[in-house]
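Note sheet for the following structure.
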Amino acid sequence: MTVLHVPIADPRVESATRALCRAVRDEGGVAHLVGGCVRDAALGRTISDVDIEVFRIPVDHLQVLLGRIAPFSLVGASFGVLKVHGLPIDVSVPRRERKAGHGHRGFLIDANPGLDPTQAAARRDFTINSVAWNPLTAEVIDPYGGLDDLHRGILRHTTERFVEDPLRVLRGMQFTARFGLTPAADTVALCRTIQPEGLAAERLFDEWRKLLLAGERIGDGLRFLEDTGWIAHSPELDALRGCPQDPQWHPEGDVWVHTRHVMDAFAQRRVGDEWEDLVVGLACLCHDFGKPSTTAWIDGRWRSPRHEDAGLEPTRSFLSRLTSQQRLVDEVLPLVAEHLKPDQLYQQGASAAAVRRLARRVLRLDRLLRVAGADRDGRPPSPRDDFPAARWLMELATELDVLDTPPQPLVLGRHLLSLGLTPGPAFKPLLDQCFEAQLDGRITTIEQGLELVVATLDSAPSGHVPAQD
């Protein structure tokens with residue numbers, strides 16, 4: 001009998017889990033931890049989220065048992081899933097799933113506490129997620145050899161019913177990246193027969209989010225997308241394959257190979273803030289989307305002039321299929337457009353004004369430095385050499401206080417009101433003029449800004465002076 005230790009990080013979760021398992025046992029049932037928590041424990045990771053599957057206890061009676069331990073919500077009577085309030089614990093009974101429609105949601109699901117653990121495991125996507133563990137006896141139930149696959153680093157589907165849910169292909173992408181797995185050849189072949197019919201954008205985005213936020217070898221996850229043929233459903237990525245680059249600057253190969261290396265470099269630059277890592281990760285993924293349309297043989301070399309600008313439209317197209325979060329799109333696009341700027345400004349000996357204006361466009365220069373750094377490091381076998389442009393930009397941006405925030409206008413509408421001006425159409429040109437002068441370094445205080453406003457009003461034709469009280 002294989003035995004595991006499953007370390008639960010939160011003692012409240014540990015206590016509630018064991019209390020429920022004992023209550024189930026005392027009523028003649030059995031409770032197993034299942035899915036990702038068992039997988040992660042087998043990898044030696046402390047777990048936080050717990051999924052408990054309860055056998056031989058009807059859903060209505062299970063609600064009574066759980067209600068004595070913690071408050072919960074029932075998620076769909078036919079699903080038989082109970083979510084504990086305030087704790088990352090999901091409790092369910094085994095269920096059968098029958099394909100009855102298109103897409104990820106096209107299943108008829110019936111809770112059936114009478115199933116045995118092997119039958120229950122058959123609905124899992126990959127063998128590594130089909131392992132169950134009894135926290136009272138420490139016994140492991142592994143009918144599909146998931147632990148062996150996990151220890152050998154193999155990603156393998158559980159049964160032929162894998163094809164019923166197309167989302168599982170993208171789950172394979174992010175599992176490959178997160179756990180350093182090699183997909184089994186028969187699983188890759190099976191994925192090539194699946195089409196992404198009926199998948200909602202939010203479900204697609206969730207798998208990409210996990211790839212970016214948790215992937216250690218993101219390049220391998222993208223390679224899985226290529227090997228399964230699913231890259232065809234992301235034409236912006238597909239276009240990168242075979243797009244040549246100058247071998248002097250990109251000895252690693254074409255733009256697709258480069259992008260995979262860039263994503264691995266990005267994984268080493270995550271800061272642990274989900275939003276920041278999503279913005280930077282997506283910008284790294286999309287940064288060279290403009291190369292396929294601009295790459296040409298020029299003066300004996302492959303060149304991609306203005307590819308950063310050409311990448312904006314395909315970036316919009318790619319992101320629009322993944323998310324409706326316009327803020328996310330708006331914050332990724334300027335990083336794509338400006339990803340070459342650190343080197344360019346450094347080589348030009350650019351002024352503080354140029355750095356302020358760049359900070360205004362990209363919102364956060366620290367993001368841009370992470371994108372530019374990953375781009376530079378994604379060129380093996382070239383060594384990861386010194387990046388003087390990044391050091392220069394970081395030092396100057398820190399001095400100017402625009403490293404992690406854009407410049408903020410000194411002169412605001414209320415300051416114009418203090419001059420006795422009446423709000424109206426002339427406010428915006430005056431405020432814009434002050435902000436431009438501030439970015440140029442010509443004004444550094446509110447008082448200097450107001451002096452500029454007064455001088456502008458004094459020199460303006462009477463017909464263009466805002467009305468005053």
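Residues are referred to by chain and number: the chain letter is A, B, ... according to the order shown in the structure tokens, the number counts from 1 in that chain, and ligands are numbered separately from 1 in the order shown.
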
Arg357 of chain A environment, 9 Å, only C-alpha atoms, sequence neighbours closer than 5 positions dropped, as an NGL selection string: :A and (352 or 362 or 406-407 or 439-440)

Produce a table with one row for each residue of segment 267-303 of chain A that has an atom at most 10 Å from any atom of segment 318-327 of chain A, each row naming the nearest atom pair and its distance in Å at one decimal; use only C-alpha atoms; arrange rows by chain and rising residue number; format as a Markdown table.
```
| residue | atom | partner | partner_atom | distance |
| --- | --- | --- | --- | --- |
| A:Val279 | CA | A:Arg327 | CA | 9.8 |
| A:Leu282 | CA | A:Leu319 | CA | 8.6 |
| A:Cys286 | CA | A:Phe318 | CA | 8.5 |
| A:Phe289 | CA | A:Phe318 | CA | 9.6 |
```

field: Residue contacts of Ala185 of chain A (12 Å, only C-alpha atoms) excluding same-chain residues fewer than 4 positions away, as a list in words
entry: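 My reading of the contact set: Ile154, Leu155, Arg156, His157, Ala189, Leu190, Cys191, Arg192, Phe224, Asp227 and Thr228 of chain A.
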
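Among A:Val257, A:Leu167, A:Ile231, A:Ala359, the residue with the shortest atom-to-atom distance to Ala201 of chain A, counting only C-alpha atoms, is A:Leu167.
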
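Taking atom CA of Arg442 of chain A and atom CA of Val454 of chain A as the two end points, the separation is 15.3 Å.
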
- prompt: Smallest atom-to-atom distance to Lys341 of chain A: which of A:Leu393, A:Glu202, A:Asp377, A:Trp275, using only C-alpha atoms?
  reply: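 Between A:Leu393, A:Glu202, A:Asp377, A:Trp275, the residue approaching Lys341 of chain A most closely is A:Leu393.
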
Shortest interatomic distance to Leu237 of chain A - which of A:Leu419, A:Val30, A:Leu285, A:Leu204, counting only C-alpha atoms: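 Residue with the minimum atom-to-atom distance to Leu237 of chain A: A:Leu285.
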
query: So which residues touch Glu338 of chain A within 12 Å, counting only C-alpha atoms, skipping near sequence neighbours fewer than 5 positions away, as a PyMOL selection string?
result: chain A and resi 283-284+287-288+306-312+331-333+343-345+355+357-365+367-369+371-372

Please save C-alpha atoms of the selected residues as a PDB file, in the first residue's frame.
```pdb
ATOM      1  CA  ALA A 283       3.254  41.673 -22.742  1.00  0.00           C
ATOM      2  CA  CYS A 284       6.172  39.231 -22.914  1.00  0.00           C
ATOM      3  CA  HIS A 287       5.915  41.513 -27.580  1.00  0.00           C
ATOM      4  CA  ASP A 288       6.986  40.261 -31.022  1.00  0.00           C
ATOM      5  CA  ARG A 306       8.834  49.085 -36.424  1.00  0.00           C
ATOM      6  CA  HIS A 307       7.600  45.656 -35.439  1.00  0.00           C
ATOM      7  CA  GLU A 308       6.726  46.989 -31.997  1.00  0.00           C
ATOM      8  CA  ASP A 309       4.025  49.248 -33.486  1.00  0.00           C
ATOM      9  CA  ALA A 310       2.860  46.539 -35.874  1.00  0.00           C
ATOM     10  CA  GLY A 311       2.325  44.255 -32.890  1.00  0.00           C
ATOM     11  CA  LEU A 312      -0.478  46.314 -31.414  1.00  0.00           C
ATOM     12  CA  GLU A 331      -2.013  48.138 -19.825  1.00  0.00           C
ATOM     13  CA  VAL A 332      -0.433  45.411 -21.979  1.00  0.00           C
ATOM     14  CA  LEU A 333      -0.514  47.338 -25.269  1.00  0.00           C
ATOM     15  CA  ASP A 343      17.912  50.342 -25.133  1.00  0.00           C
ATOM     16  CA  GLN A 344      16.915  53.077 -27.569  1.00  0.00           C
ATOM     17  CA  LEU A 345      16.785  55.833 -24.939  1.00  0.00           C
ATOM     18  CA  VAL A 355      11.975  59.181 -19.396  1.00  0.00           C
ATOM     19  CA  ARG A 357       7.101  60.799 -21.093  1.00  0.00           C
ATOM     20  CA  LEU A 358       7.886  57.099 -21.443  1.00  0.00           C
ATOM     21  CA  ALA A 359       6.639  56.525 -17.887  1.00  0.00           C
ATOM     22  CA  ARG A 360       3.458  58.360 -18.795  1.00  0.00           C
ATOM     23  CA  ARG A 361       2.872  56.089 -21.793  1.00  0.00           C
ATOM     24  CA  VAL A 362       3.593  52.720 -20.147  1.00  0.00           C
ATOM     25  CA  LEU A 363       2.202  53.616 -16.663  1.00  0.00           C
ATOM     26  CA  ARG A 364       4.944  51.673 -14.852  1.00  0.00           C
ATOM     27  CA  LEU A 365       8.566  51.620 -15.983  1.00  0.00           C
ATOM     28  CA  ARG A 367       6.975  46.608 -15.873  1.00  0.00           C
ATOM     29  CA  LEU A 368       8.759  47.702 -19.024  1.00  0.00           C
ATOM     30  CA  LEU A 369      12.124  46.789 -17.527  1.00  0.00           C
ATOM     31  CA  VAL A 371       9.615  42.864 -20.336  1.00  0.00           C
ATOM     32  CA  ALA A 372      12.850  44.217 -21.822  1.00  0.00           C
TER      33      ALA A 372
END
```

message: For a quick check of understanding, using only C-alpha atoms, which of A:Glu236, A:Leu181, A:Ile57, A:Ala111 has the smallest distance to Val75 of chain A?
response: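 Of the candidates, the smallest distance to Val75 of chain A is held by A:Ala111.
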
What's the 8 Å shell around Thr295 of chain A, counting only C-alpha atoms, without same-chain residues fewer than 5 positions away, as a PDB file with N, CA and C atoms, in the first residue's frame?
```pdb
ATOM      1  N   CYS A 243       9.224  32.436 -38.530  1.00  0.00           N
ATOM      2  CA  CYS A 243       9.561  33.835 -38.823  1.00  0.00           C
ATOM      3  C   CYS A 243      11.038  34.037 -38.473  1.00  0.00           C
ATOM      4  N   PRO A 244      11.885  34.319 -39.475  1.00  0.00           N
ATOM      5  CA  PRO A 244      13.338  34.327 -39.234  1.00  0.00           C
ATOM      6  C   PRO A 244      13.799  35.561 -38.475  1.00  0.00           C
ATOM      7  N   TRP A 302      18.197  39.801 -41.830  1.00  0.00           N
ATOM      8  CA  TRP A 302      16.779  39.800 -41.499  1.00  0.00           C
ATOM      9  C   TRP A 302      16.511  40.949 -40.531  1.00  0.00           C
ATOM     10  N   ARG A 303      15.551  41.794 -40.890  1.00  0.00           N
ATOM     11  CA  ARG A 303      15.199  42.930 -40.048  1.00  0.00           C
ATOM     12  C   ARG A 303      13.678  43.011 -39.911  1.00  0.00           C
ATOM     13  N   SER A 304      13.250  43.638 -38.821  1.00  0.00           N
ATOM     14  CA  SER A 304      11.805  43.785 -38.561  1.00  0.00           C
ATOM     15  C   SER A 304      11.521  45.226 -38.149  1.00  0.00           C
ATOM     16  N   PRO A 305      11.639  46.167 -39.087  1.00  0.00           N
ATOM     17  CA  PRO A 305      11.488  47.580 -38.727  1.00  0.00           C
ATOM     18  C   PRO A 305      10.093  47.902 -38.197  1.00  0.00           C
ATOM     19  N   HIS A 307       8.470  46.792 -35.786  1.00  0.00           N
ATOM     20  CA  HIS A 307       7.600  45.656 -35.439  1.00  0.00           C
ATOM     21  C   HIS A 307       6.853  45.894 -34.134  1.00  0.00           C
TER      22      HIS A 307
END
```

message: Quick one: residues within 6 Å of segment 68-72 of chain A, only C-alpha atoms, excluding same-chain residues fewer than 4 positions away - as a PyMOL selection string?
response: chain A and resi 83-85

Selection file, C-alpha atoms, as a PDB file, in the first residue's frame:
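Final output, result-v1.pdb:
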```
ATOM      1  CA  LYS A  83     -18.335  24.845  -0.539  1.00  0.00           C
ATOM      2  CA  VAL A  84     -17.275  25.659   3.016  1.00  0.00           C
ATOM      3  CA  HIS A  85     -17.621  29.340   3.868  1.00  0.00           C
TER       4      HIS A  85
END
```

task: Go through segment 261-400 of chain A and collect every residue that DSSP, computed from the backbone, puts in strand (DSSP E or B); the answer should be as a VMD selection string.
output: chain A and resid 296 to 298 301 to 303

message: Here is a test: counting only C-alpha atoms, which residue of A:Pro251, A:Pro292, A:Gly373, A:Gly145 is nearest to Asp385 of chain A?
response: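 Checking each of A:Pro251, A:Pro292, A:Gly373, A:Gly145 against Asp385 of chain A, counting only C-alpha atoms, the winner is A:Gly373.
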
Please identify every residue of segment 132-239 of chain A that has at least one atom no farther than 12 Å from an atom of segment 49-56 of chain A, counting only C-alpha atoms, and for each give the shortest atom pair and the distance in Å to one decimal, arranged by chain then increasing number, as a tab-separated table.
```
residue	atom	partner	partner_atom	distance
A:Ala132	CA	A:Glu53	CA	8.6
A:Trp133	CA	A:Ile52	CA	9.4
A:Asn134	CA	A:Ile52	CA	9.5
A:Pro135	CA	A:Ile52	CA	10.0
```

Let me see the file: selected residues, C-alpha atoms, as an mmCIF file, in the first residue's frame.
```cif
data_model
loop_
_atom_site.group_PDB
_atom_site.id
_atom_site.type_symbol
_atom_site.label_atom_id
_atom_site.label_comp_id
_atom_site.auth_asym_id
_atom_site.auth_seq_id
_atom_site.Cartn_x
_atom_site.Cartn_y
_atom_site.Cartn_z
ATOM 1 C CA ALA A 132 -7.151 9.780 -3.836
ATOM 2 C CA TRP A 133 -5.850 9.829 -0.252
ATOM 3 C CA ASN A 134 -7.590 8.840 2.967
ATOM 4 C CA PRO A 135 -6.463 11.306 5.674
#
```

Between atom CA of Asp299 of chain A and atom CA of His250 of chain A, distance in Å (one decimal): 17.2 Å

message: Just the number, please: distance in Å from atom CA of Thr46 of chain A to atom CA of Ser73 of chain A, one decimal.
response: 25.9 Å

- request: Name the residues of segment 157-216 of chain A that fall into alpha helix (DSSP H) according to DSSP on the backbone, using the chain letters and numbers of this document, as a PyMOL selection string.
  value: chain A and resi 167-179+185-191+201-214

Generate the output file for the selected residues, N, CA and C atoms, as a CSV table (one decimal), in the first residue's frame.
```
chain,number,residue,atom,x,y,z
A,167,LEU,N,-11.5,21.8,-23.0
A,167,LEU,CA,-10.7,22.6,-22.1
A,167,LEU,C,-9.5,21.8,-21.6
A,168,ARG,N,-9.6,20.5,-21.6
A,168,ARG,CA,-8.5,19.7,-21.1
A,168,ARG,C,-7.2,19.9,-21.8
A,169,VAL,N,-7.3,20.3,-23.1
A,169,VAL,CA,-6.1,20.5,-23.8
A,169,VAL,C,-5.3,21.7,-23.2
A,170,LEU,N,-6.0,22.7,-22.9
A,170,LEU,CA,-5.3,23.9,-22.3
A,170,LEU,C,-4.9,23.6,-20.9
A,171,ARG,N,-5.6,22.7,-20.2
A,171,ARG,CA,-5.2,22.3,-18.9
A,171,ARG,C,-3.9,21.5,-19.0
A,172,GLY,N,-3.7,20.7,-20.1
A,172,GLY,CA,-2.5,20.0,-20.4
A,172,GLY,C,-1.3,21.0,-20.6
A,173,MET,N,-1.7,22.1,-21.3
A,173,MET,CA,-0.6,23.2,-21.5
A,173,MET,C,-0.1,23.7,-20.2
A,174,GLN,N,-1.0,24.1,-19.3
A,174,GLN,CA,-0.5,24.7,-18.1
A,174,GLN,C,0.1,23.7,-17.1
A,175,PHE,N,-0.4,22.4,-17.1
A,175,PHE,CA,0.2,21.4,-16.2
A,175,PHE,C,1.6,21.1,-16.7
A,176,THR,N,1.8,21.0,-18.0
A,176,THR,CA,3.1,20.8,-18.5
A,176,THR,C,4.1,21.8,-18.0
A,177,ALA,N,3.7,23.1,-18.1
A,177,ALA,CA,4.5,24.2,-17.7
A,177,ALA,C,4.7,24.2,-16.1
A,178,ARG,N,3.7,24.0,-15.4
A,178,ARG,CA,3.7,24.1,-13.9
A,178,ARG,C,4.6,23.0,-13.3
A,179,PHE,N,4.5,21.8,-13.8
A,179,PHE,CA,5.1,20.7,-13.1
A,179,PHE,C,6.2,20.0,-13.9
A,185,ALA,N,2.9,10.5,-25.7
A,185,ALA,CA,2.7,10.6,-27.1
A,185,ALA,C,1.2,10.3,-27.4
A,186,ASP,N,0.6,9.3,-26.8
A,186,ASP,CA,-0.8,9.0,-27.1
A,186,ASP,C,-1.7,10.1,-26.6
A,187,THR,N,-1.3,10.9,-25.5
A,187,THR,CA,-2.1,12.0,-25.1
A,187,THR,C,-2.1,13.1,-26.1
A,188,VAL,N,-0.9,13.4,-26.6
A,188,VAL,CA,-0.7,14.4,-27.6
A,188,VAL,C,-1.6,14.1,-28.8
A,189,ALA,N,-1.5,12.8,-29.2
A,189,ALA,CA,-2.3,12.4,-30.4
A,189,ALA,C,-3.8,12.6,-30.2
A,190,LEU,N,-4.2,12.3,-29.0
A,190,LEU,CA,-5.6,12.4,-28.7
A,190,LEU,C,-6.0,13.9,-28.7
A,191,CYS,N,-5.2,14.7,-28.2
A,191,CYS,CA,-5.5,16.2,-28.2
A,191,CYS,C,-5.6,16.7,-29.6
A,201,ALA,N,-14.8,32.4,-23.2
A,201,ALA,CA,-13.5,33.1,-23.1
A,201,ALA,C,-12.9,33.1,-21.6
A,202,GLU,N,-13.8,33.2,-20.6
A,202,GLU,CA,-13.3,33.2,-19.3
A,202,GLU,C,-12.7,31.9,-18.9
A,203,ARG,N,-13.2,30.7,-19.5
A,203,ARG,CA,-12.5,29.5,-19.2
A,203,ARG,C,-11.1,29.4,-19.9
A,204,LEU,N,-11.1,29.9,-21.1
A,204,LEU,CA,-9.8,29.9,-21.8
A,204,LEU,C,-8.8,30.8,-21.0
A,205,PHE,N,-9.2,31.9,-20.6
A,205,PHE,CA,-8.4,32.9,-19.9
A,205,PHE,C,-7.9,32.2,-18.6
A,206,ASP,N,-8.7,31.5,-17.9
A,206,ASP,CA,-8.3,30.9,-16.6
A,206,ASP,C,-7.1,30.0,-16.8
A,207,GLU,N,-7.1,29.2,-17.9
A,207,GLU,CA,-5.9,28.3,-18.1
A,207,GLU,C,-4.7,29.1,-18.5
A,208,TRP,N,-4.8,30.1,-19.3
A,208,TRP,CA,-3.7,31.0,-19.6
A,208,TRP,C,-3.2,31.7,-18.4
A,209,ARG,N,-4.1,32.1,-17.5
A,209,ARG,CA,-3.7,32.8,-16.3
A,209,ARG,C,-2.8,31.9,-15.5
A,210,LYS,N,-3.2,30.6,-15.3
A,210,LYS,CA,-2.4,29.6,-14.5
A,210,LYS,C,-1.1,29.4,-15.2
A,211,LEU,N,-1.0,29.4,-16.5
A,211,LEU,CA,0.2,29.2,-17.2
A,211,LEU,C,1.2,30.3,-16.9
A,212,LEU,N,0.7,31.6,-16.9
A,212,LEU,CA,1.5,32.7,-16.7
A,212,LEU,C,1.9,32.9,-15.2
A,213,LEU,N,1.0,32.6,-14.3
A,213,LEU,CA,1.2,32.9,-12.9
A,213,LEU,C,1.9,31.8,-12.2
A,214,ALA,N,1.8,30.5,-12.7
A,214,ALA,CA,2.4,29.4,-12.0
A,214,ALA,C,3.4,28.6,-12.8
```

Considering only C-alpha atoms, return as a short mmCIF file (atom, residue, chain, number, x, y, z; two decimals) with C-alpha atoms, in the first residue's frame whatever protein or nucleic-acid residues lie within 8 Å of Glu252 of chain A, sequence-local ones (same chain, fewer than 6 positions apart) excluded.
```cif
data_model
loop_
_atom_site.label_atom_id
_atom_site.label_comp_id
_atom_site.auth_asym_id
_atom_site.auth_seq_id
_atom_site.Cartn_x
_atom_site.Cartn_y
_atom_site.Cartn_z
CA HIS A 258 12.58 33.18 -29.00
CA ARG A 379 18.29 34.43 -26.67
CA PRO A 380 20.25 31.33 -25.68
CA PRO A 381 22.98 30.26 -26.09
#
```
